[in-house]
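Asker: Okay, so here is coords20.txt, and as you'll see once you scroll down, it has compact mmCIF, C-alpha atoms.
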```txt
# COMPACT_ATOMS: atom_id res chain seq x y z
CA MET A 1 363.70 18.96 207.05
CA LEU A 2 365.70 20.44 204.22
CA GLN A 3 366.95 17.18 202.69
CA GLY A 4 365.11 16.61 199.44
CA PHE A 5 363.94 20.22 199.44
CA LEU A 6 367.20 22.22 199.44
CA TYR A 7 369.88 19.55 199.14
CA LYS A 8 370.52 15.90 198.36
CA ILE A 9 373.16 13.65 199.92
CA ILE A 10 375.71 12.48 197.41
CA GLU A 11 378.05 10.58 199.71
CA GLU A 12 378.63 9.78 203.37
CA ASN A 13 382.18 9.04 204.51
CA GLY A 14 382.65 7.59 207.98
CA ASN A 15 386.34 6.70 207.90
CA GLY A 16 386.80 8.14 211.39
CA GLY A 17 383.92 6.13 212.87
CA ASP A 18 381.54 8.07 215.09
CA TRP A 19 384.04 10.82 215.87
CA GLU A 20 385.12 11.96 212.38
CA PHE A 21 382.83 11.76 209.37
CA SER A 22 381.66 13.79 206.40
CA PHE A 23 378.76 14.19 204.02
CA THR A 24 379.01 15.52 200.48
CA ILE A 25 375.80 17.19 199.36
CA GLY A 26 374.48 18.80 196.19
CA TRP A 27 372.06 21.71 196.02
CA ILE A 28 368.65 21.28 194.43
CA GLU A 29 368.68 24.09 191.87
CA ASN A 30 364.94 24.67 191.69
CA SER A 31 364.55 24.85 195.48
CA LYS A 32 362.11 27.55 196.56
CA ILE A 33 364.63 28.67 199.21
CA LEU A 34 367.30 29.34 196.57
CA GLN A 35 364.75 30.98 194.27
CA ALA A 36 363.77 33.36 197.07
CA HIS A 37 367.29 33.98 198.46
CA PHE A 38 368.02 35.65 196.01
CA PRO A 39 366.29 35.38 192.62
CA GLU A 40 369.07 36.98 190.56
CA LYS A 41 371.98 35.46 192.48
CA PRO A 42 371.07 32.52 194.76
CA ILE A 43 372.96 32.23 198.05
CA VAL A 44 372.50 29.45 200.60
CA PRO A 45 371.13 31.07 203.80
CA GLY A 46 373.34 30.74 206.86
CA ALA A 47 370.44 29.48 208.98
CA CYS A 48 369.99 26.62 206.50
CA LEU A 49 373.63 25.58 206.95
CA LEU A 50 372.99 25.20 210.68
CA GLU A 51 369.88 23.10 210.04
CA ILE A 52 371.68 20.95 207.44
CA ALA A 53 374.49 20.31 209.94
CA ARG A 54 371.91 19.12 212.50
CA GLU A 55 370.15 16.89 209.96
CA LEU A 56 373.41 15.28 208.83
CA PHE A 57 374.57 14.75 212.43
CA GLU A 58 371.23 13.02 213.14
CA LYS A 59 371.58 10.87 210.03
CA HIS A 60 375.06 9.72 211.03
CA PHE A 61 373.97 8.69 214.53
CA SER A 62 370.43 7.55 213.52
CA GLN A 63 369.04 9.62 216.37
CA LYS A 64 367.30 12.98 216.89
CA PHE A 65 369.38 15.83 218.32
CA LEU A 66 368.84 19.35 219.56
CA VAL A 67 371.39 22.08 218.93
CA GLN A 68 371.83 23.00 222.57
CA GLU A 69 374.46 25.71 222.07
CA VAL A 70 376.12 27.51 219.20
CA LYS A 71 379.65 28.18 220.41
CA SER A 72 380.73 29.88 217.18
CA ILE A 73 379.80 30.29 213.54
CA LYS A 74 382.17 31.89 211.08
CA TYR A 75 380.76 32.60 207.65
CA LEU A 76 383.95 32.96 205.62
CA LYS A 77 382.54 32.96 202.11
CA LEU A 78 379.07 32.98 200.55
CA ILE A 79 377.88 29.70 199.07
CA GLU A 80 376.57 30.38 195.59
CA PRO A 81 375.06 27.11 194.32
CA THR A 82 375.78 28.10 190.72
CA LYS A 83 379.51 28.19 191.56
CA ALA A 84 379.67 25.59 194.36
CA SER A 85 377.09 23.00 193.33
CA VAL A 86 378.61 20.39 195.66
CA VAL A 87 379.94 20.99 199.19
CA THR A 88 381.18 18.78 202.00
CA PHE A 89 380.25 19.01 205.66
CA GLN A 90 383.16 17.65 207.73
CA PHE A 91 382.35 16.72 211.34
CA ILE A 92 384.82 16.16 214.18
CA VAL A 93 383.40 15.28 217.59
CA LYS A 94 385.79 17.05 219.97
CA GLU A 95 384.16 16.07 223.26
CA PHE A 96 381.41 13.80 224.51
CA THR A 97 380.23 14.13 228.09
CA GLU A 98 376.90 13.32 229.72
CA ASN A 99 374.96 13.10 226.46
CA ARG A 100 376.44 16.31 225.09
CA TYR A 101 378.53 16.36 221.93
CA LYS A 102 380.89 19.24 221.15
CA VAL A 103 381.32 19.17 217.38
CA GLN A 104 383.55 21.10 215.01
CA ILE A 105 382.09 21.39 211.51
CA GLU A 106 383.54 22.82 208.31
CA VAL A 107 381.58 23.41 205.13
CA LEU A 108 383.90 23.37 202.12
CA ASP A 109 384.53 22.39 198.55
CA LEU A 110 387.80 21.65 196.75
CA LYS A 111 388.84 25.32 196.70
CA ASN A 112 387.13 27.09 199.61
CA VAL A 113 386.18 26.80 203.25
CA PHE A 114 382.80 28.52 203.41
CA THR A 115 381.76 28.14 207.03
CA LYS A 116 383.21 26.95 210.34
CA LEU A 117 380.93 25.99 213.22
CA ILE A 118 381.33 24.72 216.75
CA LEU A 119 378.03 23.32 218.02
CA PHE A 120 376.88 21.42 221.08
CA PHE A 121 374.32 18.69 220.35
CA THR A 122 372.13 16.93 222.90
CA PRO A 123 370.12 13.78 222.09
CA ILE A 124 366.35 14.14 222.20
CA THR A 125 364.79 11.40 224.29
CA ASP A 126 361.16 10.28 224.42
CA GLU A 127 360.64 10.80 228.15
```
Can you dump the structure from the file as structure tokens?

Answerer:
Amino acid sequence: MLQGFLYKIIEENGNGGDWEFSFTIGWIENSKILQAHFPEKPIVPGACLLEIARELFEKHFSQKFLVQEVKSIKYLKLIEPTKASVVTFQFIVKEFTENRYKVQIEVLDLKNVFTKLILFFTPITDE
């Protein structure tokens, strides 16, 4: 779990109910991940953005999920925490069928769209 280690949640906005929602997060400057990637010029690793998206999706639905499929990831711009200390993850659930969510996610701030993702999430059950 990266919350509390790499980022903190500043705000959750659920104006669109379960199907459209967003989280605004702030980076934890002294995170070991940011110190290691890279010491002179920290950049948020792309793999961490995928994990953060999963964690935030789980938080919104109060349920554990598996990223079943990555349909697409477009890294449009590097996230440098010194320049973009706060970013928003916007979620739009495009489809829901048989316990599978197709979700469009954008990571952005007021000036830039950093990353666009389309992910398929499946709930994890205790069977």

Asker: Phe61 of chain A: which residues within 9 Å, counting all atoms listed in the file, same-chain residues fewer than 4 positions away excluded, as a list of chain:residue names?

Answerer: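 Once the adjacent positions are removed, what remains is A:Asp18, A:Leu56, A:Phe57.
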
Asker: Using all atoms listed in the file, which of the listed residues (A:Ser85, A:Gln3, A:Thr115, A:Gln68) sits closest to Tyr101 of chain A?

Answerer: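 Using all atoms listed in the file, the shortest distance to Tyr101 of chain A belongs to A:Gln68.
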
Asker: Please identify all polymer residues within 9 Å of Phe65 of chain A, counting all atoms listed in the file, omitting same-chain residues fewer than 2 positions from it, and present them as a list in words.

Answerer: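 Final neighbour list, sorted by chain and number: Arg54, Glu55, Phe57, Glu58, Gln63, Val67, Gln68, Phe121, Thr122, Pro123, Ile124 and Thr125 of chain A.
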
Asker: Taking into account only C-alpha atoms, which residue in the set A:Ala84, A:Leu76, A:Lys71, A:Tyr7 is nearest to Phe120 of chain A?

Answerer: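 Using only C-alpha atoms, the shortest distance to Phe120 of chain A belongs to A:Lys71.
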
Asker: May I have the residues within 6 Å of Ser22 of chain A as a ChimeraX atom specification, using only C-alpha atoms and disregarding those fewer than 2 positions away in the same chain?

Answerer: /A:12-13,89-91

Asker: When you count only C-alpha atoms, which of these residues is closest to Leu6 of chain A: A:Phe96, A:Phe114, A:Phe38, A:Trp27?

Answerer: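 Of all the options, A:Trp27 lies closest to Leu6 of chain A.
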
Asker: Identify, on the basis of all atoms listed in the file, every residue whose closest approach to segment 28-37 of chain A does not exceed 7 Å; exclude the query and any residue fewer than 2 positions from it along the same chain; express the result as a PyMOL selection string.

Answerer: chain A and resi 5-8+26+39+42-44

Asker: With only C-alpha atoms as the atoms that count, which of A:Asn112, A:Val107, A:Val87, A:His60 lies nearest to Ile25 of chain A?

Answerer: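 When distances to Ile25 of chain A are compared using only C-alpha atoms, the smallest one comes from A:Val87.
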
Asker: Any idea what the distance is between atom CA of Val70 of chain A and atom CA of Ile92 of chain A?

Answerer: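 Between these atoms lies a distance of 15.2 Å.
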
Asker: N, CA and C atoms are needed for segment 91-112 of chain A; please write them out as a PDB file, in the coordinates of the input.

Answerer:
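Generated output (part-v5.pdb):
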```pdb
ATOM      1  N   PHE A  91     382.675  16.713 209.918  1.00  0.00           N
ATOM      2  CA  PHE A  91     382.350  16.720 211.340  1.00  0.00           C
ATOM      3  C   PHE A  91     383.491  16.090 212.131  1.00  0.00           C
ATOM      4  N   ILE A  92     383.883  16.741 213.223  1.00  0.00           N
ATOM      5  CA  ILE A  92     384.820  16.160 214.180  1.00  0.00           C
ATOM      6  C   ILE A  92     384.207  16.342 215.565  1.00  0.00           C
ATOM      7  N   VAL A  93     383.914  15.219 216.225  1.00  0.00           N
ATOM      8  CA  VAL A  93     383.400  15.280 217.590  1.00  0.00           C
ATOM      9  C   VAL A  93     384.605  15.505 218.494  1.00  0.00           C
ATOM     10  N   LYS A  94     384.649  16.674 219.135  1.00  0.00           N
ATOM     11  CA  LYS A  94     385.790  17.050 219.970  1.00  0.00           C
ATOM     12  C   LYS A  94     385.646  16.556 221.408  1.00  0.00           C
ATOM     13  N   GLU A  95     384.414  16.518 221.898  1.00  0.00           N
ATOM     14  CA  GLU A  95     384.160  16.070 223.260  1.00  0.00           C
ATOM     15  C   GLU A  95     382.801  15.382 223.317  1.00  0.00           C
ATOM     16  N   PHE A  96     382.697  14.421 224.232  1.00  0.00           N
ATOM     17  CA  PHE A  96     381.410  13.800 224.510  1.00  0.00           C
ATOM     18  C   PHE A  96     381.323  13.569 226.008  1.00  0.00           C
ATOM     19  N   THR A  97     380.427  14.290 226.661  1.00  0.00           N
ATOM     20  CA  THR A  97     380.230  14.130 228.090  1.00  0.00           C
ATOM     21  C   THR A  97     378.755  14.229 228.429  1.00  0.00           C
ATOM     22  N   GLU A  98     378.286  13.298 229.226  1.00  0.00           N
ATOM     23  CA  GLU A  98     376.900  13.320 229.720  1.00  0.00           C
ATOM     24  C   GLU A  98     375.891  13.670 228.638  1.00  0.00           C
ATOM     25  N   ASN A  99     375.910  12.915 227.567  1.00  0.00           N
ATOM     26  CA  ASN A  99     374.960  13.100 226.460  1.00  0.00           C
ATOM     27  C   ASN A  99     375.056  14.469 225.791  1.00  0.00           C
ATOM     28  N   ARG A 100     376.225  15.023 225.770  1.00  0.00           N
ATOM     29  CA  ARG A 100     376.440  16.310 225.090  1.00  0.00           C
ATOM     30  C   ARG A 100     377.662  16.162 224.192  1.00  0.00           C
ATOM     31  N   TYR A 101     377.463  16.467 222.916  1.00  0.00           N
ATOM     32  CA  TYR A 101     378.530  16.360 221.930  1.00  0.00           C
ATOM     33  C   TYR A 101     379.004  17.760 221.555  1.00  0.00           C
ATOM     34  N   LYS A 102     380.298  18.006 221.672  1.00  0.00           N
ATOM     35  CA  LYS A 102     380.890  19.240 221.150  1.00  0.00           C
ATOM     36  C   LYS A 102     381.467  18.884 219.789  1.00  0.00           C
ATOM     37  N   VAL A 103     380.988  19.566 218.751  1.00  0.00           N
ATOM     38  CA  VAL A 103     381.320  19.170 217.380  1.00  0.00           C
ATOM     39  C   VAL A 103     381.847  20.362 216.587  1.00  0.00           C
ATOM     40  N   GLN A 104     382.967  20.122 215.930  1.00  0.00           N
ATOM     41  CA  GLN A 104     383.550  21.100 215.010  1.00  0.00           C
ATOM     42  C   GLN A 104     383.128  20.704 213.599  1.00  0.00           C
ATOM     43  N   ILE A 105     382.610  21.665 212.855  1.00  0.00           N
ATOM     44  CA  ILE A 105     382.090  21.390 211.510  1.00  0.00           C
ATOM     45  C   ILE A 105     382.684  22.413 210.548  1.00  0.00           C
ATOM     46  N   GLU A 106     383.123  21.930 209.392  1.00  0.00           N
ATOM     47  CA  GLU A 106     383.540  22.820 208.310  1.00  0.00           C
ATOM     48  C   GLU A 106     382.720  22.501 207.080  1.00  0.00           C
ATOM     49  N   VAL A 107     382.294  23.545 206.398  1.00  0.00           N
ATOM     50  CA  VAL A 107     381.580  23.410 205.130  1.00  0.00           C
ATOM     51  C   VAL A 107     382.541  23.903 204.054  1.00  0.00           C
ATOM     52  N   LEU A 108     382.863  23.032 203.092  1.00  0.00           N
ATOM     53  CA  LEU A 108     383.900  23.370 202.120  1.00  0.00           C
ATOM     54  C   LEU A 108     383.681  22.661 200.796  1.00  0.00           C
ATOM     55  N   ASP A 109     384.420  23.120 199.803  1.00  0.00           N
ATOM     56  CA  ASP A 109     384.530  22.390 198.550  1.00  0.00           C
ATOM     57  C   ASP A 109     386.019  22.210 198.271  1.00  0.00           C
ATOM     58  N   LEU A 110     386.383  21.901 197.053  1.00  0.00           N
ATOM     59  CA  LEU A 110     387.800  21.650 196.750  1.00  0.00           C
ATOM     60  C   LEU A 110     388.665  22.896 196.848  1.00  0.00           C
ATOM     61  N   LYS A 111     388.065  24.081 196.722  1.00  0.00           N
ATOM     62  CA  LYS A 111     388.840  25.320 196.700  1.00  0.00           C
ATOM     63  C   LYS A 111     388.641  26.213 197.916  1.00  0.00           C
ATOM     64  N   ASN A 112     387.508  26.101 198.594  1.00  0.00           N
ATOM     65  CA  ASN A 112     387.130  27.090 199.610  1.00  0.00           C
ATOM     66  C   ASN A 112     386.604  26.444 200.881  1.00  0.00           C
TER      67      ASN A 112
END
```
